[in-house]
Amino acid sequence: MALVTALVNERPVAIFSKSSCCMCYTIKTLISSFGANPTVYEVDEHPQGKQIEKELRGLGCKPSVPAVFIGEELIGGANEIMSLHLKGQLVPLLLNANAIWH
């Protein structure tokens, strides 16, 4: 998990994605729509993409992307992010991680 940990370290929002994944695009667009500027890693274009995917699966991400970290904590994939959004809990998470401001 060292590679994923290093990549999300000190980043308010990090998203692991694939350039051809429509759900990844949706999640990136949603989070950006609140004013956040997530660090995005396209694992299909990253030189260590296979290792990143292996680590994400080891963390319980199934499928491995999209995988969203807020405040260096794994929040989950598309289902978890959409669920938090519908419950009104996504924006407070982004605020607490200093990813967005009032």
# chains A, B, ... in the order shown; residues from 1 in each chain; ligands from 1
>>> select_by_dssp(residues="chain A", states="alpha helix (DSSP H)", output="PyMOL selection string")
chain A and resi 2-8+22-33+49-58+78-86+90-96
>>> write_last_selection(atoms="C-alpha atoms", output="compact mmCIF listing (two decimals), in the first residue's frame")
# COMPACT_ATOMS: atom_id res chain seq x y z
CA ALA A 2 3.08 2.21 0.08
CA LEU A 3 2.65 3.59 -3.44
CA VAL A 4 -1.00 4.59 -2.97
CA THR A 5 -0.21 6.05 0.46
CA ALA A 6 2.59 8.15 -1.02
CA LEU A 7 0.37 9.38 -3.85
CA VAL A 8 -2.45 10.54 -1.56
CA CYS A 22 -17.42 6.96 -17.54
CA MET A 23 -18.12 6.55 -13.80
CA CYS A 24 -14.65 7.93 -13.05
CA TYR A 25 -15.45 10.96 -15.21
CA THR A 26 -18.75 11.44 -13.38
CA ILE A 27 -17.11 11.33 -9.95
CA LYS A 28 -14.31 13.72 -11.00
CA THR A 29 -16.91 16.12 -12.42
CA LEU A 30 -19.07 15.94 -9.28
CA ILE A 31 -16.21 16.66 -6.90
CA SER A 32 -14.87 19.44 -9.11
CA SER A 33 -18.35 21.00 -9.30
CA GLY A 49 -0.61 1.68 -12.89
CA LYS A 50 -0.65 -2.10 -12.41
CA GLN A 51 0.88 -1.74 -8.93
CA ILE A 52 -1.58 1.04 -8.04
CA GLU A 53 -4.54 -1.14 -9.10
CA LYS A 54 -3.19 -4.06 -7.07
CA GLU A 55 -2.87 -1.85 -3.98
CA LEU A 56 -6.35 -0.38 -4.45
CA ARG A 57 -7.86 -3.88 -4.69
CA GLY A 58 -5.90 -4.77 -1.54
CA ALA A 78 -18.70 5.71 -7.15
CA ASN A 79 -21.43 4.15 -4.98
CA GLU A 80 -19.98 5.55 -1.75
CA ILE A 81 -19.41 9.02 -3.20
CA MET A 82 -22.91 9.23 -4.70
CA SER A 83 -24.45 7.97 -1.47
CA LEU A 84 -22.59 10.61 0.57
CA HIS A 85 -23.65 13.27 -1.91
CA LEU A 86 -27.32 12.29 -1.74
CA LEU A 90 -19.92 14.91 0.73
CA VAL A 91 -19.52 18.69 0.99
CA PRO A 92 -18.77 18.56 4.76
CA LEU A 93 -16.07 15.95 4.07
CA LEU A 94 -14.52 18.20 1.43
CA LEU A 95 -14.70 21.19 3.79
CA ASN A 96 -13.05 19.27 6.64
>>> select_by_dssp(residues="chain A", states="strand (DSSP E)", output="number ranges by chain")
A: 13-17, 39-42, 67-70, 73-76
>>> write_last_selection(atoms="all heavy atoms", output="tab-separated table (two decimals), in the first residue's frame")
chain	number	residue	atom	x	y	z
A	13	VAL	N	-7.82	15.95	-1.83
A	13	VAL	CA	-8.63	14.98	-2.57
A	13	VAL	C	-7.75	14.33	-3.63
A	13	VAL	O	-7.10	15.03	-4.41
A	13	VAL	CB	-9.84	15.64	-3.27
A	13	VAL	CG1	-10.67	14.59	-4.00
A	13	VAL	CG2	-10.71	16.40	-2.30
A	14	ALA	N	-7.75	13.01	-3.63
A	14	ALA	CA	-7.05	12.26	-4.67
A	14	ALA	C	-8.03	11.24	-5.25
A	14	ALA	O	-8.74	10.57	-4.51
A	14	ALA	CB	-5.82	11.56	-4.11
A	15	ILE	N	-8.04	11.17	-6.57
A	15	ILE	CA	-8.94	10.24	-7.25
A	15	ILE	C	-8.10	9.36	-8.18
A	15	ILE	O	-7.33	9.87	-8.99
A	15	ILE	CB	-9.99	10.99	-8.08
A	15	ILE	CG1	-10.83	11.92	-7.19
A	15	ILE	CG2	-10.90	9.99	-8.81
A	15	ILE	CD1	-11.79	12.81	-7.95
A	16	PHE	N	-8.27	8.06	-8.02
A	16	PHE	CA	-7.65	7.10	-8.93
A	16	PHE	C	-8.71	6.75	-9.95
A	16	PHE	O	-9.84	6.39	-9.60
A	16	PHE	CB	-7.15	5.88	-8.18
A	16	PHE	CG	-6.00	6.21	-7.27
A	16	PHE	CD1	-6.22	6.57	-5.96
A	16	PHE	CD2	-4.70	6.17	-7.74
A	16	PHE	CE1	-5.16	6.90	-5.12
A	16	PHE	CE2	-3.64	6.49	-6.92
A	16	PHE	CZ	-3.86	6.85	-5.60
A	17	SER	N	-8.35	6.87	-11.23
A	17	SER	CA	-9.30	6.81	-12.32
A	17	SER	C	-8.69	6.05	-13.49
A	17	SER	O	-7.52	5.69	-13.47
A	17	SER	CB	-9.61	8.27	-12.72
A	17	SER	OG	-10.39	8.33	-13.87
A	39	THR	N	-6.47	15.88	-7.08
A	39	THR	CA	-5.33	15.29	-7.76
A	39	THR	C	-5.84	14.00	-8.38
A	39	THR	O	-6.37	13.15	-7.67
A	39	THR	CB	-4.19	15.00	-6.77
A	39	THR	OG1	-3.80	16.22	-6.14
A	39	THR	CG2	-3.00	14.37	-7.47
A	40	VAL	N	-5.71	13.88	-9.69
A	40	VAL	CA	-6.25	12.72	-10.40
A	40	VAL	C	-5.11	11.89	-10.97
A	40	VAL	O	-4.21	12.43	-11.62
A	40	VAL	CB	-7.19	13.16	-11.54
A	40	VAL	CG1	-7.70	11.96	-12.32
A	40	VAL	CG2	-8.37	13.97	-10.98
A	41	TYR	N	-5.16	10.61	-10.68
A	41	TYR	CA	-4.19	9.66	-11.22
A	41	TYR	C	-4.94	8.73	-12.18
A	41	TYR	O	-5.81	7.98	-11.75
A	41	TYR	CB	-3.54	8.83	-10.11
A	41	TYR	CG	-2.76	9.67	-9.14
A	41	TYR	CD1	-3.30	9.98	-7.89
A	41	TYR	CD2	-1.49	10.14	-9.44
A	41	TYR	CE1	-2.59	10.76	-6.98
A	41	TYR	CE2	-0.77	10.91	-8.54
A	41	TYR	CZ	-1.32	11.21	-7.31
A	41	TYR	OH	-0.62	11.98	-6.41
A	42	GLU	N	-4.60	8.81	-13.45
A	42	GLU	CA	-5.18	7.92	-14.46
A	42	GLU	C	-4.32	6.66	-14.47
A	42	GLU	O	-3.23	6.65	-15.04
A	42	GLU	CB	-5.20	8.59	-15.83
A	42	GLU	CG	-5.99	9.89	-15.90
A	42	GLU	CD	-7.49	9.72	-15.73
A	42	GLU	OE1	-7.99	8.59	-15.67
A	42	GLU	OE2	-8.18	10.76	-15.66
A	67	ALA	N	-11.49	5.35	-7.28
A	67	ALA	CA	-11.20	5.25	-5.85
A	67	ALA	C	-10.91	6.66	-5.36
A	67	ALA	O	-10.02	7.33	-5.90
A	67	ALA	CB	-10.01	4.34	-5.59
A	68	VAL	N	-11.68	7.12	-4.39
A	68	VAL	CA	-11.59	8.50	-3.93
A	68	VAL	C	-11.06	8.55	-2.50
A	68	VAL	O	-11.58	7.87	-1.61
A	68	VAL	CB	-12.97	9.20	-4.00
A	68	VAL	CG1	-12.88	10.63	-3.50
A	68	VAL	CG2	-13.53	9.14	-5.42
A	69	PHE	N	-10.03	9.35	-2.33
A	69	PHE	CA	-9.46	9.62	-1.01
A	69	PHE	C	-9.73	11.08	-0.70
A	69	PHE	O	-9.45	11.96	-1.51
A	69	PHE	CB	-7.95	9.38	-1.01
A	69	PHE	CG	-7.55	7.93	-1.09
A	69	PHE	CD1	-7.63	7.23	-2.28
A	69	PHE	CD2	-7.09	7.26	0.04
A	69	PHE	CE1	-7.26	5.90	-2.37
A	69	PHE	CE2	-6.71	5.92	-0.03
A	69	PHE	CZ	-6.80	5.25	-1.24
A	70	ILE	N	-10.29	11.33	0.47
A	70	ILE	CA	-10.52	12.70	0.94
A	70	ILE	C	-9.83	12.82	2.28
A	70	ILE	O	-10.07	12.02	3.19
A	70	ILE	CB	-12.02	13.03	1.05
A	70	ILE	CG1	-12.69	12.90	-0.32
A	70	ILE	CG2	-12.22	14.44	1.63
A	70	ILE	CD1	-14.20	13.11	-0.31
A	73	GLU	N	-7.88	9.75	3.47
A	73	GLU	CA	-8.65	8.58	3.89
A	73	GLU	C	-9.44	8.04	2.71
A	73	GLU	O	-10.07	8.80	1.97
A	73	GLU	CB	-9.61	8.98	5.02
A	73	GLU	CG	-10.44	7.83	5.53
A	73	GLU	CD	-11.40	8.28	6.63
A	73	GLU	OE1	-11.11	9.27	7.32
A	73	GLU	OE2	-12.44	7.62	6.78
A	74	LEU	N	-9.40	6.72	2.54
A	74	LEU	CA	-10.17	6.10	1.47
A	74	LEU	C	-11.65	6.23	1.79
A	74	LEU	O	-12.13	5.74	2.80
A	74	LEU	CB	-9.79	4.62	1.32
A	74	LEU	CG	-10.63	3.83	0.31
A	74	LEU	CD1	-10.47	4.39	-1.10
A	74	LEU	CD2	-10.24	2.37	0.35
A	75	ILE	N	-12.37	6.92	0.90
A	75	ILE	CA	-13.81	7.07	1.06
A	75	ILE	C	-14.53	5.96	0.31
A	75	ILE	O	-15.52	5.42	0.75
A	75	ILE	CB	-14.28	8.46	0.57
A	75	ILE	CG1	-13.53	9.57	1.32
A	75	ILE	CG2	-15.78	8.61	0.71
A	75	ILE	CD1	-13.67	9.53	2.84
A	76	GLY	N	-14.02	5.62	-0.87
A	76	GLY	CA	-14.60	4.52	-1.63
A	76	GLY	C	-14.71	4.86	-3.10
A	76	GLY	O	-14.03	5.74	-3.61
>>> atom_distance(atom1="CA of Pro47 in chain A", atom2="CA of Cys21 in chain A")
18.1 Å
>>> atom_distance(atom1="CA of Asn9 in chain A", atom2="CA of Asn98 in chain A")
13.9 Å
>>> closest_residue(among="A:Asp44, A:Phe34, A:Ser19, A:Met1", to="Trp101 in chain A", atoms="only C-alpha atoms")
A:Phe34
